[in-house]
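run00.pdb (PDB, C-alpha atoms, pLDDT in the B column) appears below.
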MODEL        1
ATOM      1  CA  MET A   1      32.961  78.841  98.441  1.00 80.00           C
ATOM      2  CA  ASN A   2      36.087  76.689  98.190  1.00 95.00           C
ATOM      3  CA  THR A   3      37.020  74.390 101.072  1.00 96.00           C
ATOM      4  CA  VAL A   4      40.097  76.353 102.191  1.00 94.00           C
ATOM      5  CA  LEU A   5      38.129  79.582 102.626  1.00 95.00           C
ATOM      6  CA  GLN A   6      35.306  77.693 104.339  1.00 95.00           C
ATOM      7  CA  THR A   7      37.776  76.075 106.757  1.00 95.00           C
ATOM      8  CA  ILE A   8      39.264  79.490 107.578  1.00 95.00           C
ATOM      9  CA  LYS A   9      35.792  80.874 108.292  1.00 94.00           C
ATOM     10  CA  ASN A  10      34.788  77.841 110.379  1.00 94.00           C
ATOM     11  CA  ARG A  11      37.896  77.874 112.595  1.00 95.00           C
ATOM     12  CA  ARG A  12      37.191  79.022 116.147  1.00 97.00           C
ATOM     13  CA  SER A  13      39.196  79.086 119.367  1.00 97.00           C
ATOM     14  CA  ILE A  14      38.080  75.966 121.240  1.00 98.00           C
ATOM     15  CA  ARG A  15      38.069  75.949 125.031  1.00 97.00           C
ATOM     16  CA  SER A  16      36.617  72.509 125.782  1.00 97.00           C
ATOM     17  CA  TYR A  17      38.284  69.247 124.762  1.00 98.00           C
ATOM     18  CA  LYS A  18      37.646  65.541 125.081  1.00 98.00           C
ATOM     19  CA  PRO A  19      40.357  63.782 127.118  1.00 96.00           C
ATOM     20  CA  GLU A  20      41.323  61.315 124.372  1.00 98.00           C
ATOM     21  CA  GLN A  21      44.601  61.991 122.586  1.00 98.00           C
ATOM     22  CA  ILE A  22      44.554  62.997 118.920  1.00 98.00           C
ATOM     23  CA  LYS A  23      45.810  60.386 116.492  1.00 99.00           C
ATOM     24  CA  GLU A  24      49.498  60.413 115.571  1.00 99.00           C
ATOM     25  CA  GLU A  25      48.737  60.817 111.853  1.00 99.00           C
ATOM     26  CA  GLU A  26      46.556  63.853 112.626  1.00 99.00           C
ATOM     27  CA  LEU A  27      49.337  65.382 114.715  1.00 99.00           C
ATOM     28  CA  GLN A  28      51.838  64.805 111.910  1.00 99.00           C
ATOM     29  CA  CYS A  29      49.507  66.453 109.354  1.00 99.00           C
ATOM     30  CA  ILE A  30      49.198  69.514 111.596  1.00 99.00           C
ATOM     31  CA  LEU A  31      52.974  69.728 112.103  1.00 99.00           C
ATOM     32  CA  GLU A  32      53.582  69.325 108.378  1.00 99.00           C
ATOM     33  CA  ALA A  33      51.237  72.248 107.714  1.00 99.00           C
ATOM     34  CA  ALA A  34      53.326  74.297 110.158  1.00 99.00           C
ATOM     35  CA  ILE A  35      56.624  73.654 108.420  1.00 99.00           C
ATOM     36  CA  TYR A  36      55.112  74.639 105.074  1.00 99.00           C
ATOM     37  CA  ALA A  37      54.305  78.141 106.336  1.00 98.00           C
ATOM     38  CA  PRO A  38      55.934  81.112 104.630  1.00 98.00           C
ATOM     39  CA  SER A  39      58.933  82.621 106.407  1.00 97.00           C
ATOM     40  CA  GLY A  40      61.104  85.700 106.018  1.00 96.00           C
ATOM     41  CA  CYS A  41      64.078  85.008 103.729  1.00 96.00           C
ATOM     42  CA  ASN A  42      62.919  81.365 103.823  1.00 96.00           C
ATOM     43  CA  HIS A  43      64.738  81.021 107.157  1.00 96.00           C
ATOM     44  CA  GLN A  44      62.066  78.665 108.511  1.00 97.00           C
ATOM     45  CA  SER A  45      62.926  80.089 111.925  1.00 95.00           C
ATOM     46  CA  TRP A  46      60.790  77.723 113.986  1.00 98.00           C
ATOM     47  CA  HIS A  47      61.005  74.790 116.325  1.00 99.00           C
ATOM     48  CA  PHE A  48      58.025  72.833 117.646  1.00 99.00           C
ATOM     49  CA  THR A  49      57.893  71.086 121.006  1.00 99.00           C
ATOM     50  CA  VAL A  50      55.011  68.621 121.268  1.00 99.00           C
ATOM     51  CA  ILE A  51      53.861  67.938 124.828  1.00 99.00           C
ATOM     52  CA  GLN A  52      51.391  65.145 125.515  1.00 99.00           C
ATOM     53  CA  ASN A  53      52.301  64.722 129.181  1.00 98.00           C
ATOM     54  CA  ARG A  54      49.257  65.961 131.130  1.00 96.00           C
ATOM     55  CA  ASP A  55      51.269  66.599 134.313  1.00 98.00           C
ATOM     56  CA  LEU A  56      53.699  68.902 132.503  1.00 98.00           C
ATOM     57  CA  ILE A  57      50.873  70.696 130.683  1.00 98.00           C
ATOM     58  CA  THR A  58      49.061  71.258 134.001  1.00 97.00           C
ATOM     59  CA  THR A  59      52.258  72.455 135.691  1.00 98.00           C
ATOM     60  CA  MET A  60      52.875  74.968 132.901  1.00 98.00           C
ATOM     61  CA  SER A  61      49.318  76.270 133.183  1.00 98.00           C
ATOM     62  CA  ASN A  62      49.597  76.607 136.967  1.00 97.00           C
ATOM     63  CA  VAL A  63      52.961  78.401 136.807  1.00 97.00           C
ATOM     64  CA  ALA A  64      51.582  80.852 134.229  1.00 98.00           C
ATOM     65  CA  LYS A  65      48.469  81.414 136.366  1.00 97.00           C
ATOM     66  CA  GLU A  66      50.642  82.268 139.380  1.00 96.00           C
ATOM     67  CA  LYS A  67      52.348  84.961 137.297  1.00 96.00           C
ATOM     68  CA  LEU A  68      48.936  86.302 136.232  1.00 97.00           C
ATOM     69  CA  LYS A  69      48.036  86.984 139.860  1.00 96.00           C
ATOM     70  CA  ASP A  70      50.628  89.780 139.908  1.00 94.00           C
ATOM     71  CA  SER A  71      49.511  91.370 136.637  1.00 94.00           C
ATOM     72  CA  SER A  72      48.572  95.041 136.436  1.00 96.00           C
ATOM     73  CA  ASN A  73      45.693  93.932 134.177  1.00 96.00           C
ATOM     74  CA  GLU A  74      42.565  93.205 136.230  1.00 97.00           C
ATOM     75  CA  ASN A  75      41.274  90.575 133.777  1.00 96.00           C
ATOM     76  CA  PHE A  76      44.586  88.716 133.954  1.00 96.00           C
ATOM     77  CA  ARG A  77      44.591  88.896 137.773  1.00 96.00           C
ATOM     78  CA  ASN A  78      41.087  87.421 137.807  1.00 96.00           C
ATOM     79  CA  MET A  79      42.244  84.607 135.534  1.00 96.00           C
ATOM     80  CA  GLY A  80      45.192  83.905 137.813  1.00 96.00           C
ATOM     81  CA  ASN A  81      42.905  83.720 140.832  1.00 96.00           C
ATOM     82  CA  ASN A  82      40.383  81.418 139.129  1.00 96.00           C
ATOM     83  CA  GLU A  83      41.156  78.033 140.696  1.00 93.00           C
ATOM     84  CA  ARG A  84      39.195  76.154 138.025  1.00 94.00           C
ATOM     85  CA  LEU A  85      40.931  77.761 135.042  1.00 94.00           C
ATOM     86  CA  ASP A  86      43.321  75.636 133.013  1.00 96.00           C
ATOM     87  CA  LEU A  87      44.949  77.807 130.336  1.00 97.00           C
ATOM     88  CA  THR A  88      44.950  74.775 128.006  1.00 97.00           C
ATOM     89  CA  HIS A  89      41.310  73.949 128.823  1.00 97.00           C
ATOM     90  CA  GLY A  90      42.119  70.269 129.221  1.00 97.00           C
ATOM     91  CA  ALA A  91      43.611  69.813 125.756  1.00 98.00           C
ATOM     92  CA  PRO A  92      45.597  66.560 125.582  1.00 99.00           C
ATOM     93  CA  THR A  93      48.266  68.058 123.295  1.00 99.00           C
ATOM     94  CA  LEU A  94      50.187  71.310 123.647  1.00 99.00           C
ATOM     95  CA  ILE A  95      52.577  72.428 120.927  1.00 99.00           C
ATOM     96  CA  LEU A  96      55.082  75.102 121.893  1.00 99.00           C
ATOM     97  CA  VAL A  97      56.361  77.254 119.057  1.00 99.00           C
ATOM     98  CA  SER A  98      59.851  78.719 119.371  1.00 98.00           C
ATOM     99  CA  GLY A  99      61.720  81.034 117.021  1.00 98.00           C
ATOM    100  CA  LYS A 100      65.418  81.142 116.141  1.00 98.00           C
ATOM    101  CA  GLU A 101      66.865  84.297 117.614  1.00 96.00           C
ATOM    102  CA  GLY A 102      68.890  86.461 115.256  1.00 93.00           C
ATOM    103  CA  ASN A 103      66.962  85.496 112.134  1.00 93.00           C
ATOM    104  CA  TYR A 104      65.108  88.146 110.153  1.00 93.00           C
ATOM    105  CA  SER A 105      61.579  87.637 111.500  1.00 96.00           C
ATOM    106  CA  PRO A 106      61.214  84.653 113.848  1.00 97.00           C
ATOM    107  CA  LEU A 107      58.083  85.925 115.621  1.00 97.00           C
ATOM    108  CA  VAL A 108      56.287  86.519 112.319  1.00 98.00           C
ATOM    109  CA  ASP A 109      57.532  83.196 110.928  1.00 98.00           C
ATOM    110  CA  CYS A 110      56.232  81.356 113.991  1.00 98.00           C
ATOM    111  CA  SER A 111      52.907  83.173 113.777  1.00 98.00           C
ATOM    112  CA  ALA A 112      52.469  82.065 110.158  1.00 98.00           C
ATOM    113  CA  ALA A 113      53.270  78.480 111.176  1.00 99.00           C
ATOM    114  CA  ILE A 114      50.724  78.700 113.981  1.00 99.00           C
ATOM    115  CA  GLU A 115      47.988  79.897 111.639  1.00 99.00           C
ATOM    116  CA  ASN A 116      48.745  76.985 109.316  1.00 99.00           C
ATOM    117  CA  MET A 117      48.405  74.604 112.287  1.00 99.00           C
ATOM    118  CA  LEU A 118      45.097  76.135 113.347  1.00 99.00           C
ATOM    119  CA  ILE A 119      43.644  75.827 109.846  1.00 99.00           C
ATOM    120  CA  ALA A 120      44.987  72.286 109.400  1.00 99.00           C
ATOM    121  CA  ALA A 121      43.495  71.262 112.754  1.00 99.00           C
ATOM    122  CA  GLU A 122      40.100  72.655 111.765  1.00 98.00           C
ATOM    123  CA  SER A 123      40.259  70.792 108.451  1.00 98.00           C
ATOM    124  CA  LEU A 124      40.654  67.575 110.501  1.00 98.00           C
ATOM    125  CA  ASN A 125      37.820  68.566 112.876  1.00 97.00           C
ATOM    126  CA  ILE A 126      40.330  68.997 115.700  1.00 98.00           C
ATOM    127  CA  GLY A 127      39.900  71.880 118.092  1.00 98.00           C
ATOM    128  CA  SER A 128      42.715  74.340 118.654  1.00 99.00           C
ATOM    129  CA  LEU A 129      43.551  77.374 120.729  1.00 99.00           C
ATOM    130  CA  TRP A 130      46.436  79.823 120.317  1.00 99.00           C
ATOM    131  CA  ILE A 131      47.657  80.468 123.875  1.00 98.00           C
ATOM    132  CA  GLY A 132      49.811  83.527 124.412  1.00 97.00           C
ATOM    133  CA  LEU A 133      49.619  83.532 128.207  1.00 97.00           C
ATOM    134  CA  ILE A 134      51.372  80.159 128.450  1.00 98.00           C
ATOM    135  CA  SER A 135      54.531  82.149 127.674  1.00 97.00           C
ATOM    136  CA  LEU A 136      54.575  83.211 131.329  1.00 97.00           C
ATOM    137  CA  ALA A 137      55.609  79.641 132.184  1.00 97.00           C
ATOM    138  CA  PHE A 138      58.742  80.095 130.064  1.00 97.00           C
ATOM    139  CA  GLU A 139      60.123  82.363 132.799  1.00 96.00           C
ATOM    140  CA  ASN A 140      60.402  79.294 135.074  1.00 96.00           C
ATOM    141  CA  LYS A 141      63.867  77.711 134.907  1.00 96.00           C
ATOM    142  CA  GLU A 142      62.712  74.206 135.909  1.00 97.00           C
ATOM    143  CA  ILE A 143      60.056  74.162 133.193  1.00 97.00           C
ATOM    144  CA  MET A 144      62.499  75.411 130.577  1.00 97.00           C
ATOM    145  CA  GLU A 145      64.893  72.594 131.455  1.00 96.00           C
ATOM    146  CA  LYS A 146      62.119  70.029 130.921  1.00 97.00           C
ATOM    147  CA  LEU A 147      61.157  71.512 127.542  1.00 97.00           C
ATOM    148  CA  ASN A 148      64.598  70.948 126.007  1.00 94.00           C
ATOM    149  CA  ILE A 149      64.172  73.821 123.543  1.00 97.00           C
ATOM    150  CA  PRO A 150      67.280  74.056 121.332  1.00 97.00           C
ATOM    151  CA  ASN A 151      69.888  76.700 122.129  1.00 97.00           C
ATOM    152  CA  GLY A 152      69.291  79.932 120.251  1.00 98.00           C
ATOM    153  CA  TYR A 153      65.514  79.483 120.135  1.00 98.00           C
ATOM    154  CA  LYS A 154      63.020  81.544 122.104  1.00 98.00           C
ATOM    155  CA  PRO A 155      59.604  80.044 122.936  1.00 98.00           C
ATOM    156  CA  TYR A 156      56.743  82.355 122.014  1.00 98.00           C
ATOM    157  CA  PHE A 157      53.355  80.641 122.162  1.00 98.00           C
ATOM    158  CA  GLY A 158      51.478  77.439 122.810  1.00 99.00           C
ATOM    159  CA  ILE A 159      48.823  75.751 120.704  1.00 99.00           C
ATOM    160  CA  ALA A 160      46.293  73.522 122.451  1.00 99.00           C
ATOM    161  CA  LEU A 161      44.976  70.655 120.322  1.00 99.00           C
ATOM    162  CA  GLY A 162      42.289  68.073 120.963  1.00 99.00           C
ATOM    163  CA  TYR A 163      38.964  66.709 119.871  1.00 99.00           C
ATOM    164  CA  LYS A 164      36.236  69.289 120.394  1.00 98.00           C
ATOM    165  CA  ASN A 165      33.909  68.792 123.350  1.00 96.00           C
ATOM    166  CA  VAL A 166      31.525  71.533 122.229  1.00 91.00           C
ATOM    167  CA  GLY A 167      28.972  71.969 119.493  1.00 88.00           C
ATOM    168  CA  GLU A 168      29.261  74.543 116.767  1.00 85.00           C
ATOM    169  CA  VAL A 169      30.868  77.770 117.941  1.00 88.00           C
ATOM    170  CA  LYS A 170      29.494  80.826 116.173  1.00 87.00           C
ATOM    171  CA  ALA A 171      31.897  83.336 114.713  1.00 86.00           C
ATOM    172  CA  PRO A 172      31.836  86.722 116.413  1.00 90.00           C
ATOM    173  CA  LYS A 173      30.830  89.648 114.251  1.00 91.00           C
ATOM    174  CA  ARG A 174      33.758  90.791 112.145  1.00 92.00           C
ATOM    175  CA  ASN A 175      34.940  94.393 112.347  1.00 95.00           C
ATOM    176  CA  GLU A 176      33.891  96.491 109.395  1.00 93.00           C
ATOM    177  CA  ASN A 177      35.745  99.297 107.661  1.00 94.00           C
ATOM    178  CA  VAL A 178      39.163  97.709 108.145  1.00 97.00           C
ATOM    179  CA  ILE A 179      40.214  97.762 104.498  1.00 96.00           C
ATOM    180  CA  THR A 180      41.502 100.742 102.534  1.00 95.00           C
ATOM    181  CA  TYR A 181      41.810 100.458  98.770  1.00 95.00           C
ATOM    182  CA  ILE A 182      44.285 102.609  96.872  1.00 98.00           C
ATOM    183  CA  ARG A 183      43.840 102.042  93.164  1.00 98.00           C
TER     184      ARG A 183
ENDMDL
END

Can you give me the file's structure in the form of structure tokens?
Amino acid sequence: MNTVLQTIKNRRSIRSYKPEQIKEEELQCILEAAIYAPSGCNHQSWHFTVIQNRDLITTMSNVAKEKLKDSSNENFRNMGNNERLDLTHGAPTLILVSGKEGNYSPLVDCSAAIENMLIAAESLNIGSLWIGLISLAFENKEIMEKLNIPNGYKPYFGIALGYKNVGEVKAPKRNENVITYIR
């Protein structure tokens, strides 16, 4: 099997990180992979905010957790009430991905960029986690002011990055019968 397909199959969501920061050249490789993602009408509708300030990352996680406490979803409420839970799982780097509003498909464009980052991180043996729930922190005005996201861009997701603090993570069984061929 070629290395790209093997990297895709090896990639897992990592929820335990070493505290040391990833190297700058590794971060730049991951960001470069993001900006080479496909995008609708080649709009490249993304903006990336790299946060390596642990206090801000922790604050964002805590603000999002507070919002989870009021969720109608029982699992989310339990997460919000879990005092030990850090939505970033201690990752030293958090990349926020924002899309340019008004473009053809900013959410899809950003999602493609995220997948490129996740695969690039795995190829460098760096753990990653796509965090949707961090978006709850974007409702907080003080946090949004600190993030300095450009006007006209909407933040969608966060990506946690760091060196893995776990052994091999097995892939869950893949769903079957999800492909229809029309020939």

Item to check | Residue among A:Ile143, A:Cys29, A:Ile14, A:Ile119 lying closest to Gly90 (chain A), counting all atoms listed in the file | outcome: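 Among A:Ile143, A:Cys29, A:Ile14, A:Ile119, it is A:Ile14 that comes nearest to Gly90 (chain A).
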
Checklist entry - So, counting all atoms listed in the file, which residue among A:Asn103, A:Asn10, A:Thr49, A:Asn148 is closest to Ser128 (chain A)? => result A:Asn10

Item to check | Picked residues, the PyMOL selection byres ((chain A and resi 33-43) around 6), as a PyMOL selection string | outcome: chain A and resi 30-32+44-45+105+109+112-113+116-117

Item to check | Pick from A:Ser13, A:Ser98, A:Thr3, A:Asn177, whichever lies nearest to Trp46 (chain A) using all atoms listed in the file | outcome: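 Of all the options, A:Ser98 lies closest to Trp46 (chain A).
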
Next on the checklist: Counting all atoms listed in the file, which residues have an atom no more than 7 Å from (64.4, 77.3, 121.3) in the file's coordinates? Please list them as a list in words.
Outcome noted: His47, Ser98, Gly99, Lys100, Ile149, Pro150, Asn151, Gly152, Tyr153, Lys154 and Pro155 of chain A

Item to check | Residues returned when the PyMOL selection byres ((chain A and resi 16-22) around 7) runs on this file, as a count of residues only | outcome: 15

Next on the checklist: Translate the PyMOL selection byres ((chain A and resi 12) around 9) into a concrete residue list for this structure, as a VMD selection string.
Outcome noted: chain A and resid 8 to 11 13 to 14 118 122 127 to 129 169 to 171

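For the pair CA of Ser123 (chain A) and CA of Leu161 (chain A), the interatomic distance is 12.8 Å.
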
Checklist entry - Within 9 Å of Ser61 (chain A), counting all atoms listed in the file, which residues qualify if same-chain residues fewer than 3 places away don't, as number ranges by chain? => result A: 56-58, 64-66, 85-88, 133-134, 136-137

Generate the output file for the selected residues, C-alpha atoms, as a PDB file, keeping the file's coordinate frame.
ATOM      1  CA  LEU A  56      53.699  68.902 132.503  1.00 98.00           C
ATOM      2  CA  ILE A  57      50.873  70.696 130.683  1.00 98.00           C
ATOM      3  CA  THR A  58      49.061  71.258 134.001  1.00 97.00           C
ATOM      4  CA  ALA A  64      51.582  80.852 134.229  1.00 98.00           C
ATOM      5  CA  LYS A  65      48.469  81.414 136.366  1.00 97.00           C
ATOM      6  CA  GLU A  66      50.642  82.268 139.380  1.00 96.00           C
ATOM      7  CA  LEU A  85      40.931  77.761 135.042  1.00 94.00           C
ATOM      8  CA  ASP A  86      43.321  75.636 133.013  1.00 96.00           C
ATOM      9  CA  LEU A  87      44.949  77.807 130.336  1.00 97.00           C
ATOM     10  CA  THR A  88      44.950  74.775 128.006  1.00 97.00           C
ATOM     11  CA  LEU A 133      49.619  83.532 128.207  1.00 97.00           C
ATOM     12  CA  ILE A 134      51.372  80.159 128.450  1.00 98.00           C
ATOM     13  CA  LEU A 136      54.575  83.211 131.329  1.00 97.00           C
ATOM     14  CA  ALA A 137      55.609  79.641 132.184  1.00 97.00           C
TER      15      ALA A 137
END

Next on the checklist: Nearest residue to Phe138 (chain A) out of A:Leu96, A:Met79, A:Met1, A:Ala121, using all atoms listed in the file?
Outcome noted: A:Leu96

Missing atoms in region 86-114 of chain A: can you complete it with N, CA and C atoms, as a PDB file, keeping the file's coordinate frame?
ATOM      1  N   ASP A  86      42.151  76.291 133.601  1.00 96.00           N
ATOM      2  CA  ASP A  86      43.321  75.636 133.013  1.00 96.00           C
ATOM      3  C   ASP A  86      43.551  76.382 131.702  1.00 96.00           C
ATOM      4  N   LEU A  87      44.698  77.013 131.546  1.00 97.00           N
ATOM      5  CA  LEU A  87      44.949  77.807 130.336  1.00 97.00           C
ATOM      6  C   LEU A  87      44.860  76.972 129.064  1.00 97.00           C
ATOM      7  N   THR A  88      45.049  75.655 129.180  1.00 97.00           N
ATOM      8  CA  THR A  88      44.950  74.775 128.006  1.00 97.00           C
ATOM      9  C   THR A  88      43.562  74.155 127.884  1.00 97.00           C
ATOM     10  N   HIS A  89      42.699  74.421 128.842  1.00 97.00           N
ATOM     11  CA  HIS A  89      41.310  73.949 128.823  1.00 97.00           C
ATOM     12  C   HIS A  89      41.204  72.434 128.660  1.00 97.00           C
ATOM     13  N   GLY A  90      42.165  71.726 129.239  1.00 97.00           N
ATOM     14  CA  GLY A  90      42.119  70.269 129.221  1.00 97.00           C
ATOM     15  C   GLY A  90      42.568  69.622 127.930  1.00 97.00           C
ATOM     16  N   ALA A  91      43.152  70.388 127.032  1.00 98.00           N
ATOM     17  CA  ALA A  91      43.611  69.813 125.756  1.00 98.00           C
ATOM     18  C   ALA A  91      44.679  68.755 126.031  1.00 98.00           C
ATOM     19  N   PRO A  92      44.611  67.616 125.345  1.00 99.00           N
ATOM     20  CA  PRO A  92      45.597  66.560 125.582  1.00 99.00           C
ATOM     21  C   PRO A  92      46.954  66.808 124.917  1.00 99.00           C
ATOM     22  N   THR A  93      47.004  67.742 123.982  1.00 99.00           N
ATOM     23  CA  THR A  93      48.266  68.058 123.295  1.00 99.00           C
ATOM     24  C   THR A  93      48.515  69.556 123.370  1.00 99.00           C
ATOM     25  N   LEU A  94      49.754  69.915 123.663  1.00 99.00           N
ATOM     26  CA  LEU A  94      50.187  71.310 123.647  1.00 99.00           C
ATOM     27  C   LEU A  94      51.440  71.382 122.788  1.00 99.00           C
ATOM     28  N   ILE A  95      51.401  72.219 121.771  1.00 99.00           N
ATOM     29  CA  ILE A  95      52.577  72.428 120.927  1.00 99.00           C
ATOM     30  C   ILE A  95      53.142  73.805 121.250  1.00 99.00           C
ATOM     31  N   LEU A  96      54.397  73.832 121.657  1.00 99.00           N
ATOM     32  CA  LEU A  96      55.082  75.102 121.893  1.00 99.00           C
ATOM     33  C   LEU A  96      55.824  75.488 120.628  1.00 99.00           C
ATOM     34  N   VAL A  97      55.739  76.761 120.284  1.00 99.00           N
ATOM     35  CA  VAL A  97      56.361  77.254 119.057  1.00 99.00           C
ATOM     36  C   VAL A  97      57.458  78.238 119.449  1.00 99.00           C
ATOM     37  N   SER A  98      58.678  77.902 119.044  1.00 98.00           N
ATOM     38  CA  SER A  98      59.851  78.719 119.371  1.00 98.00           C
ATOM     39  C   SER A  98      60.486  79.233 118.090  1.00 98.00           C
ATOM     40  N   GLY A  99      61.077  80.425 118.177  1.00 98.00           N
ATOM     41  CA  GLY A  99      61.720  81.034 117.021  1.00 98.00           C
ATOM     42  C   GLY A  99      63.220  81.161 117.204  1.00 98.00           C
ATOM     43  N   LYS A 100      63.953  81.036 116.109  1.00 98.00           N
ATOM     44  CA  LYS A 100      65.418  81.142 116.141  1.00 98.00           C
ATOM     45  C   LYS A 100      65.808  82.609 116.262  1.00 98.00           C
ATOM     46  N   GLU A 101      66.446  82.922 117.366  1.00 96.00           N
ATOM     47  CA  GLU A 101      66.865  84.297 117.614  1.00 96.00           C
ATOM     48  C   GLU A 101      67.942  84.698 116.615  1.00 96.00           C
ATOM     49  N   GLY A 102      67.893  85.953 116.188  1.00 93.00           N
ATOM     50  CA  GLY A 102      68.890  86.461 115.256  1.00 93.00           C
ATOM     51  C   GLY A 102      68.474  86.343 113.800  1.00 93.00           C
ATOM     52  N   ASN A 103      67.462  85.553 113.511  1.00 93.00           N
ATOM     53  CA  ASN A 103      66.962  85.496 112.134  1.00 93.00           C
ATOM     54  C   ASN A 103      66.126  86.734 111.844  1.00 93.00           C
ATOM     55  N   TYR A 104      65.770  86.919 110.594  1.00 93.00           N
ATOM     56  CA  TYR A 104      65.108  88.146 110.153  1.00 93.00           C
ATOM     57  C   TYR A 104      63.783  88.396 110.871  1.00 93.00           C
ATOM     58  N   SER A 105      62.912  87.398 110.939  1.00 96.00           N
ATOM     59  CA  SER A 105      61.579  87.637 111.500  1.00 96.00           C
ATOM     60  C   SER A 105      61.016  86.394 112.191  1.00 96.00           C
ATOM     61  N   PRO A 106      61.675  85.901 113.244  1.00 97.00           N
ATOM     62  CA  PRO A 106      61.214  84.653 113.848  1.00 97.00           C
ATOM     63  C   PRO A 106      59.809  84.715 114.438  1.00 97.00           C
ATOM     64  N   LEU A 107      59.425  85.830 115.042  1.00 97.00           N
ATOM     65  CA  LEU A 107      58.083  85.925 115.621  1.00 97.00           C
ATOM     66  C   LEU A 107      57.016  85.847 114.534  1.00 97.00           C
ATOM     67  N   VAL A 108      57.239  86.547 113.435  1.00 98.00           N
ATOM     68  CA  VAL A 108      56.287  86.519 112.319  1.00 98.00           C
ATOM     69  C   VAL A 108      56.272  85.133 111.681  1.00 98.00           C
ATOM     70  N   ASP A 109      57.449  84.542 111.501  1.00 98.00           N
ATOM     71  CA  ASP A 109      57.532  83.196 110.928  1.00 98.00           C
ATOM     72  C   ASP A 109      56.742  82.203 111.776  1.00 98.00           C
ATOM     73  N   CYS A 110      56.936  82.270 113.091  1.00 98.00           N
ATOM     74  CA  CYS A 110      56.232  81.356 113.991  1.00 98.00           C
ATOM     75  C   CYS A 110      54.729  81.599 113.966  1.00 98.00           C
ATOM     76  N   SER A 111      54.335  82.855 113.849  1.00 98.00           N
ATOM     77  CA  SER A 111      52.907  83.173 113.777  1.00 98.00           C
ATOM     78  C   SER A 111      52.275  82.599 112.516  1.00 98.00           C
ATOM     79  N   ALA A 112      52.984  82.659 111.398  1.00 98.00           N
ATOM     80  CA  ALA A 112      52.469  82.065 110.158  1.00 98.00           C
ATOM     81  C   ALA A 112      52.345  80.550 110.310  1.00 98.00           C
ATOM     82  N   ALA A 113      53.324  79.930 110.949  1.00 99.00           N
ATOM     83  CA  ALA A 113      53.270  78.480 111.176  1.00 99.00           C
ATOM     84  C   ALA A 113      52.093  78.115 112.077  1.00 99.00           C
ATOM     85  N   ILE A 114      51.848  78.942 113.080  1.00 99.00           N
ATOM     86  CA  ILE A 114      50.724  78.700 113.981  1.00 99.00           C
ATOM     87  C   ILE A 114      49.411  78.769 113.218  1.00 99.00           C
TER      88      ILE A 114
END
